[in-house]
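Step one of this worksheet: look at the structure below.
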Amino acid sequence: MLDAGDNAPVLDSASLDQLRALDPQGSSGFVKRVLDTFLRSLQNQRDAVAAAHAAGDLRALSHAAHALKSASASVGALPLSRLCAALEEAVRLDQPERVPALALKFDAAAVAADAAVRALLEGGAA
Amino acid sequence: MMGSNASALPLTEERPKVLLVDDDDVNLMLVAAALTQHGFDVTQANNGDEALRILGGWIPDLVVLDARMPGLDGFETCEELRNMYGLENVPVLMLTGLADEASIQRAYDAGATDFFVKSNQWSLLAGRLRYMLRSARTQQELIRSRAKLARAQDLARMGSFEWWQQPGHGLPAGLELSEEALRVFGSGPDDRLSFRDLLRMMTRDERHSLVRGVRQIVRQVFGIAMDVPLSRGVKRNRIIHVEGEPEFGEYGQCIGYTGIVQDVTERHQAEDSIRKLANKDPLTQLPNRRQLHWRAERALEQARRMGHQMAVLMIDLDRFKKINDTLGHSAGDELLLSVSMRLRSCVRHSDQIFDGTVEAVGARFHRALEAVGRLGGDEFVALLPEVAGEADAQAVAQRILEALREPVYVADQEFFATASIGIALYPRDGQTVADLMRNADVAMYAAKDRGRNDAMTYSPNLAVRDREKLELETALHKAIERNELVLYYQPKVEAQTGRLVGVEALMRWRRGETLVPPNEFIPMAEETGLIVPLSEWALREAARQAREWQLGFGFSESIAVNMPSRMFLRHDLVELIHASVSPYGIPHRMLLLEITESSLMKDLQSILPTLRRLNEVGVQISVDDFGTGYSSLQYLTELPISELKIDRSFVNKLGREPKASEVIHLIISLAQALNLRVVAEGVETSAQMNLLRSLQCRLMQGYLIGRPMPGPDLPAWLRAHATVMPGPTLDALPVAQAQMDLEADTGPVTAPVEIEAASGEATAASRRGP
């Protein structure tokens with residue numbers, strides 16, 4: 001179920017366009033603020049997922065994954081969003097055995113998304 | 001690409017206020033931005049607790065809740081806010097990650113209005129929100145209009161009902177009454193009323209007629225529109241209007257009725273009092289003219305159809321106007337009220353008001369039309385819808401006269417309110433109500449003419465007489481200006497010497513070729529008030545004649561004009577006489593006024609001052625028809641009068657009834673004691689004259705001496721009289737001839753305008769010589 005994610009770009013350009021469409025003139029620096037907020041949120045939820053995973057608290061892990069799921073989808077970090085969804089689903093379907101592998105992939109995707117967003121911000125594309 | 005959607009909300013509309021609740025900052029930011037762009041005014045909250053805190057002091061148009069949040073999640077937040085005041089009906093949209101059935105169900109259970117699966121399709125979200133807003137407003141309006149309807153129904157004492165029929169039964173099986181309808185029947189909102197419960201609020205008769213009515217309506221699938229009286233239970237004596245339309249099932253069969261019930265008691269009462277006002281006389285509560293006419297029309301139709309007779313009795317109180325004038329209107333009203341009570345007891349009076357809305361049903365219906373009504377003033381009508389004949393109507397009339405024979409007490413005084421009654425019968429005396437009323441009226445006036453307190457049945461000659469009377473009245477109005485009136489003069493002499501002591505004038509009306517005698521127009525002149533101008537004219541004419549005679553042959557006695565009492569009641573009678581004599585330069589004493597004994601006594605106190613003033617200017621007063629009235633001797637001694645005229649009836653009986661000479665003797669003695677002149681009237685035979693002489697009666701008047709004659713004839717009469725007259729042995733004129741004379745002054749005082757010259761002076765006699 002992760003196959004599609006492996007080859008997909010870290011940040012989906014169409015999603016980013018939708019984001020930009022919310023601030024067509026770009027005058028208010030809206031996209032930049034969203035991306036800054038996303039980076040903060042990403043950091044928080046990564047920490048939360050790691051802590052929950054370490055503590056074996058699947059409920060907290062699911063919460064963190066859920067929170068990041070729609071945010072990452074919104075900024076176009078679709079592979080990350082899909083991994084969030086997979087984690088949430090594993091917990092909901094009570095399949096704890098899938099969690100360790102997914103957590104690793106999640107971490108990698110999170111790092112990639114973080115780097116891509118930062119690059120975007122530094123490139124002034126926001 | 002999304003700019004085109006931004007105008008989806010009209011610019012004129014205020015931006016809808018949205019509370020957006022999401023624990024994820026990124027989502028919050030993005031959704032807020034998207035909604036702002038689509039015309040919403042967004043307030044953000046990071047969690048359920050914060051959202052509830054904001055909602056504690058502010059009510060948005062919409063709430064958007066993220067379902068999954070740490071702490072209070074979306075479902076719990078939704079449940080909480082639904083319990084908060086003012087948020088019961090605010091639309092809430094639940095945002096979920098997945099459209100799984102469990103969360104959707106949970107969302108609805110928590111009170112969410114709708115759910116939305118999270119996506120980046122912001123325009124979809126905005127569209128959904130706008131839809132929710134519109135539907136919320138529609139619902140709000142529906143709630144408001146329901147409340148308005150309920151309030152309006154409440155104010156109108158109205159409520160809705162539905163009932164569903166049992167097949168083939170015809171009576172309501174399931175009855176649903178709205179809260180307002182329950183109130184109409186005096187029940188609380190939580191009560192249940194069945195059709196049977198409603199039937200219990202009625203009497204047996206009411207129940208039966210309702211069930212019968214409903215069965216028929218249902219059988220024919222008509223709409224319901226009926227007024228149902230409730231005589232029992234909490235809503236005693238109320239009238240409920242029921243209006244409903246049939247409801248149809250899928251095969252077009254009637255499955256029940258829906259409609260409204262309304263308490264129309266007040267409206268009925270208002271309609272009742274309007275009907276009363278329109279149909280009843282406010283004073284007596286008897287049927288008024290309008291109602292009488294309506295009843296009479298119905299009774300006539302029925303009489304025509306069934307071939308029986310009906311009767312109309314016109315009842316007019318005698319002398320009511322006088323009571324009204326002397327005692328005032330409230331006493332008059334009291335009298336009318338007492339009389340109306342008595343009148344209604346004389347017939348099978350029915351108080352029920354009939355008008356166009358009531359159907360005349362049944363062969364005996366006309367019996368219920370029988371009534372006494374008031375036309376106005378002192379005029380009443382008794383309507384007898386079925387009589388066997390004239391005798392029936394006469395019997396009722398006699399009953400009425402009898403009922404009025406008892407005195408009526410008004411303002412602590414006793415009155416005899418007699419009536420005159422005229423009767424007209426259908427079909428004999430008229431074919432229409434108008435004819436019957438008019439002919440009953442004619443008969444009533446005939447009864448009045450016959451001396452009142454009587455009942456008369458109509459006959460065609462009454463109408464002829466009536467018409468003649470009307471013509472007479474019209475003509476009399478013009479008689480003065482056309483110079484149709486003349487005065488005739490009858491000499492009055494001293495019995496012993498034959499000397500002329502004065503003349504008495506009688507009014508004649510030269511109408512075309514005929515000479516109308518006074519008894520045919522003076523009573524009418526009295527009735528119509530024409531007597532006043534007639535009397536004024538007589539005074540002027542007498543003065544003119546006196547002057548002519550004065551110049552012609554040295555006439556210096558007085559001419560007396562007979563005055564009705566109403567002339568003495570006028571304050572200007574002295575001035576009137578002054579104005580009459582002045583142009584001719586004759587002294588006041590040449591006019592003498594006669595008043596009948598009865599009218600003198602009737603208004604004595606009012607007349608007395610005028611009599612004194614007349615005396616002061618030299619005008620003497622003669623009392624006519626003396627002996628027929630009821631003069632008290634006491635008055636006679638005090639009255640400023642100069643002459644008594646013995647009523648002709650006594651003179652007529654002289655020699656035939658011993659009593660007559662006794663009375664005459666008494667009057668003469670009395671007059672001598674009071675120093676009054678006495679004149680015997682109606683002397684027609686020499687036998688009478690001789691007897692009068694023997695009774696010491698000095699002055700006489702009558703056919704024997706001379707008939708009334710036109711003024712210019714008097715000198716000739718004087719010449720002839722001087723040669724013929726008065727040896728005591730003079731033979732009488734043939735009596736028969738005298739009686740045939742139309743101009744006879746014999747009618748006892750029907751001619752108030754008589755003139756008499758009566759003077760104690762001897763000038764004329766001395767001039768003429770013996």
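Residue numbering restarts at 1 in every chain; chains get A, B, ... in the order shown in the structure tokens, and ligands count up from 1 in that same order.
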
request  = Would you list, as a VMD selection string, the residues of range 305-459 of chain B that end up in strand (DSSP E) under DSSP run on this structure's backbone?
outcome  = chain B and resid 309 to 317 371 to 376 379 to 387 408 to 410 413 to 415 419 to 426 455 to 457

Output file for the residues above (N, CA and C atoms, as a short mmCIF file (atom, residue, chain, number, x, y, z; two decimals), in the first residue's frame):
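Written output follows (part_0.cif):
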data_model
loop_
_atom_site.label_atom_id
_atom_site.label_comp_id
_atom_site.auth_asym_id
_atom_site.auth_seq_id
_atom_site.Cartn_x
_atom_site.Cartn_y
_atom_site.Cartn_z
N GLN B 309 -107.34 34.21 6.45
CA GLN B 309 -107.33 35.65 6.60
C GLN B 309 -106.29 36.06 7.62
N MET B 310 -105.76 37.25 7.47
CA MET B 310 -104.90 37.80 8.52
C MET B 310 -105.37 39.21 8.83
N ALA B 311 -104.92 39.73 9.99
CA ALA B 311 -105.39 41.05 10.40
C ALA B 311 -104.23 41.92 10.86
N VAL B 312 -104.33 43.20 10.52
CA VAL B 312 -103.38 44.19 11.01
C VAL B 312 -104.16 45.18 11.87
N LEU B 313 -103.73 45.37 13.10
CA LEU B 313 -104.38 46.32 14.00
C LEU B 313 -103.44 47.50 14.22
N MET B 314 -103.90 48.67 13.84
CA MET B 314 -103.10 49.87 14.07
C MET B 314 -103.58 50.48 15.38
N ILE B 315 -102.65 50.65 16.32
CA ILE B 315 -103.03 51.10 17.66
C ILE B 315 -102.35 52.43 17.94
N ASP B 316 -103.12 53.45 18.23
CA ASP B 316 -102.55 54.76 18.49
C ASP B 316 -103.07 55.26 19.83
N LEU B 317 -102.14 55.67 20.70
CA LEU B 317 -102.57 56.12 22.02
C LEU B 317 -103.26 57.47 21.91
N ALA B 371 -97.35 39.15 16.74
CA ALA B 371 -96.63 40.04 17.65
C ALA B 371 -97.28 41.40 17.70
N VAL B 372 -96.90 42.13 18.76
CA VAL B 372 -97.18 43.55 18.80
C VAL B 372 -95.85 44.25 18.54
N GLY B 373 -95.85 45.25 17.69
CA GLY B 373 -94.62 45.98 17.42
C GLY B 373 -94.88 47.47 17.55
N ARG B 374 -93.78 48.21 17.58
CA ARG B 374 -93.92 49.66 17.69
C ARG B 374 -93.39 50.31 16.42
N LEU B 375 -94.24 51.10 15.80
CA LEU B 375 -93.84 51.77 14.56
C LEU B 375 -93.03 53.02 14.87
N GLY B 376 -93.20 53.54 16.08
CA GLY B 376 -92.56 54.79 16.44
C GLY B 376 -93.57 55.64 17.18
N GLU B 379 -97.39 54.93 18.19
CA GLU B 379 -98.06 54.05 17.24
C GLU B 379 -97.59 52.62 17.38
N PHE B 380 -98.52 51.73 17.62
CA PHE B 380 -98.21 50.31 17.72
C PHE B 380 -99.01 49.54 16.66
N VAL B 381 -98.51 48.34 16.37
CA VAL B 381 -99.24 47.48 15.43
C VAL B 381 -99.35 46.10 16.04
N ALA B 382 -100.52 45.51 15.96
CA ALA B 382 -100.65 44.10 16.32
C ALA B 382 -100.85 43.33 15.02
N LEU B 383 -100.01 42.32 14.84
CA LEU B 383 -100.09 41.51 13.63
C LEU B 383 -100.70 40.16 14.01
N LEU B 384 -101.84 39.84 13.40
CA LEU B 384 -102.50 38.56 13.66
C LEU B 384 -102.43 37.73 12.38
N PRO B 385 -101.47 36.82 12.30
CA PRO B 385 -101.20 36.12 11.03
C PRO B 385 -102.36 35.23 10.57
N GLU B 386 -103.20 34.80 11.51
CA GLU B 386 -104.34 34.00 11.05
C GLU B 386 -105.56 34.31 11.89
N VAL B 387 -106.61 34.79 11.26
CA VAL B 387 -107.86 35.02 11.97
C VAL B 387 -108.98 34.35 11.17
N VAL B 408 -102.48 53.81 34.28
CA VAL B 408 -101.03 53.60 34.26
C VAL B 408 -100.42 54.60 35.23
N TYR B 409 -99.48 54.16 36.02
CA TYR B 409 -98.84 55.08 36.95
C TYR B 409 -97.50 55.53 36.39
N VAL B 410 -97.41 56.80 36.14
CA VAL B 410 -96.18 57.36 35.60
C VAL B 410 -95.84 58.60 36.42
N GLN B 413 -98.14 59.63 39.04
CA GLN B 413 -99.48 60.08 38.69
C GLN B 413 -100.20 58.99 37.95
N GLU B 414 -101.52 59.10 38.01
CA GLU B 414 -102.35 58.11 37.38
C GLU B 414 -102.77 58.61 35.99
N PHE B 415 -102.60 57.75 35.00
CA PHE B 415 -103.02 58.14 33.67
C PHE B 415 -103.91 57.08 33.07
N ALA B 419 -106.61 54.03 23.85
CA ALA B 419 -106.07 53.96 22.49
C ALA B 419 -107.21 53.93 21.49
N SER B 420 -106.90 54.31 20.28
CA SER B 420 -107.84 54.14 19.17
C SER B 420 -107.24 53.09 18.24
N ILE B 421 -108.08 52.18 17.81
CA ILE B 421 -107.57 51.03 17.05
C ILE B 421 -108.27 50.94 15.70
N GLY B 422 -107.46 50.75 14.66
CA GLY B 422 -108.02 50.53 13.33
C GLY B 422 -107.66 49.13 12.87
N ILE B 423 -108.62 48.46 12.25
CA ILE B 423 -108.41 47.06 11.86
C ILE B 423 -108.53 46.93 10.34
N ALA B 424 -107.56 46.21 9.76
CA ALA B 424 -107.68 45.87 8.33
C ALA B 424 -107.43 44.38 8.18
N LEU B 425 -108.22 43.76 7.33
CA LEU B 425 -108.14 42.31 7.15
C LEU B 425 -107.66 41.96 5.74
N TYR B 426 -106.76 40.97 5.68
CA TYR B 426 -106.44 40.37 4.39
C TYR B 426 -107.39 39.20 4.18
N ALA B 455 -112.42 50.88 18.71
CA ALA B 455 -111.81 50.15 17.61
C ALA B 455 -112.75 50.18 16.43
N MET B 456 -112.19 50.40 15.24
CA MET B 456 -113.02 50.39 14.04
C MET B 456 -112.37 49.53 12.97
N THR B 457 -113.22 48.87 12.22
CA THR B 457 -112.73 48.07 11.10
C THR B 457 -112.79 48.94 9.85
#

task = Determine which residues of chain A sit within 12 Å of chain B, taking into account only C-alpha atoms, and present them as a PyMOL selection string.
result = chain A and resi 14-25+28+30-42+44-45+59-76+81+84-85+88-89

message = Write out as a PyMOL selection string the set of residues from range 89-301 of chain B that DSSP, computed on the backbone, places in helix (DSSP H, G or I).
response = chain B and resi 101-109+122-155+179-184+195-199+204-220+265-279+289-301

request  = Do a neighbour search on Gln285 in chain B at 10 Å with only C-alpha atoms, toss out local chain neighbours closer than 4 positions, and write the hits as a ChimeraX atom specification.
outcome  = /B:276-277,279-281,337,340-341,351,373-374

Just to be explicit: take each residue in the selection above, keep N, CA and C atoms, and write the result as a PDB file, in the first residue's frame.
ATOM      1  N   LYS B 276     -80.629  42.537  16.795  1.00  0.00           N
ATOM      2  CA  LYS B 276     -81.599  43.151  17.699  1.00  0.00           C
ATOM      3  C   LYS B 276     -81.744  44.634  17.385  1.00  0.00           C
ATOM      4  N   LEU B 277     -80.597  45.297  17.224  1.00  0.00           N
ATOM      5  CA  LEU B 277     -80.636  46.730  16.935  1.00  0.00           C
ATOM      6  C   LEU B 277     -81.438  47.007  15.667  1.00  0.00           C
ATOM      7  N   ASN B 279     -83.773  45.188  14.380  1.00  0.00           N
ATOM      8  CA  ASN B 279     -85.138  44.671  14.318  1.00  0.00           C
ATOM      9  C   ASN B 279     -85.997  44.964  15.533  1.00  0.00           C
ATOM     10  N   LYS B 280     -85.387  45.563  16.558  1.00  0.00           N
ATOM     11  CA  LYS B 280     -86.180  45.815  17.760  1.00  0.00           C
ATOM     12  C   LYS B 280     -86.220  47.293  18.078  1.00  0.00           C
ATOM     13  N   ASP B 281     -87.335  47.695  18.644  1.00  0.00           N
ATOM     14  CA  ASP B 281     -87.457  49.057  19.111  1.00  0.00           C
ATOM     15  C   ASP B 281     -86.665  49.162  20.411  1.00  0.00           C
ATOM     16  N   LEU B 337     -93.634  52.245  27.761  1.00  0.00           N
ATOM     17  CA  LEU B 337     -93.135  50.951  28.201  1.00  0.00           C
ATOM     18  C   LEU B 337     -94.255  50.162  28.883  1.00  0.00           C
ATOM     19  N   SER B 340     -96.683  49.043  26.329  1.00  0.00           N
ATOM     20  CA  SER B 340     -96.189  47.961  25.464  1.00  0.00           C
ATOM     21  C   SER B 340     -96.285  46.609  26.175  1.00  0.00           C
ATOM     22  N   MET B 341     -96.057  46.606  27.487  1.00  0.00           N
ATOM     23  CA  MET B 341     -96.184  45.357  28.241  1.00  0.00           C
ATOM     24  C   MET B 341     -97.616  44.832  28.170  1.00  0.00           C
ATOM     25  N   ASP B 351     -91.219  36.827  20.587  1.00  0.00           N
ATOM     26  CA  ASP B 351     -90.104  37.773  20.657  1.00  0.00           C
ATOM     27  C   ASP B 351     -88.988  37.457  19.685  1.00  0.00           C
ATOM     28  N   GLY B 373     -95.853  45.249  17.694  1.00  0.00           N
ATOM     29  CA  GLY B 373     -94.621  45.982  17.421  1.00  0.00           C
ATOM     30  C   GLY B 373     -94.877  47.467  17.548  1.00  0.00           C
ATOM     31  N   ARG B 374     -93.776  48.208  17.581  1.00  0.00           N
ATOM     32  CA  ARG B 374     -93.919  49.660  17.694  1.00  0.00           C
ATOM     33  C   ARG B 374     -93.394  50.309  16.420  1.00  0.00           C
TER      34      ARG B 374
END

query = Which residue out of B:Asp449, B:Glu406, B:Glu541, B:Asp227 has the minimum interatomic distance to Met524 in chain B when only C-alpha atoms are used?
reply =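 Checking each of B:Asp449, B:Glu406, B:Glu541, B:Asp227 against Met524 in chain B, counting only C-alpha atoms, the winner is B:Asp449.
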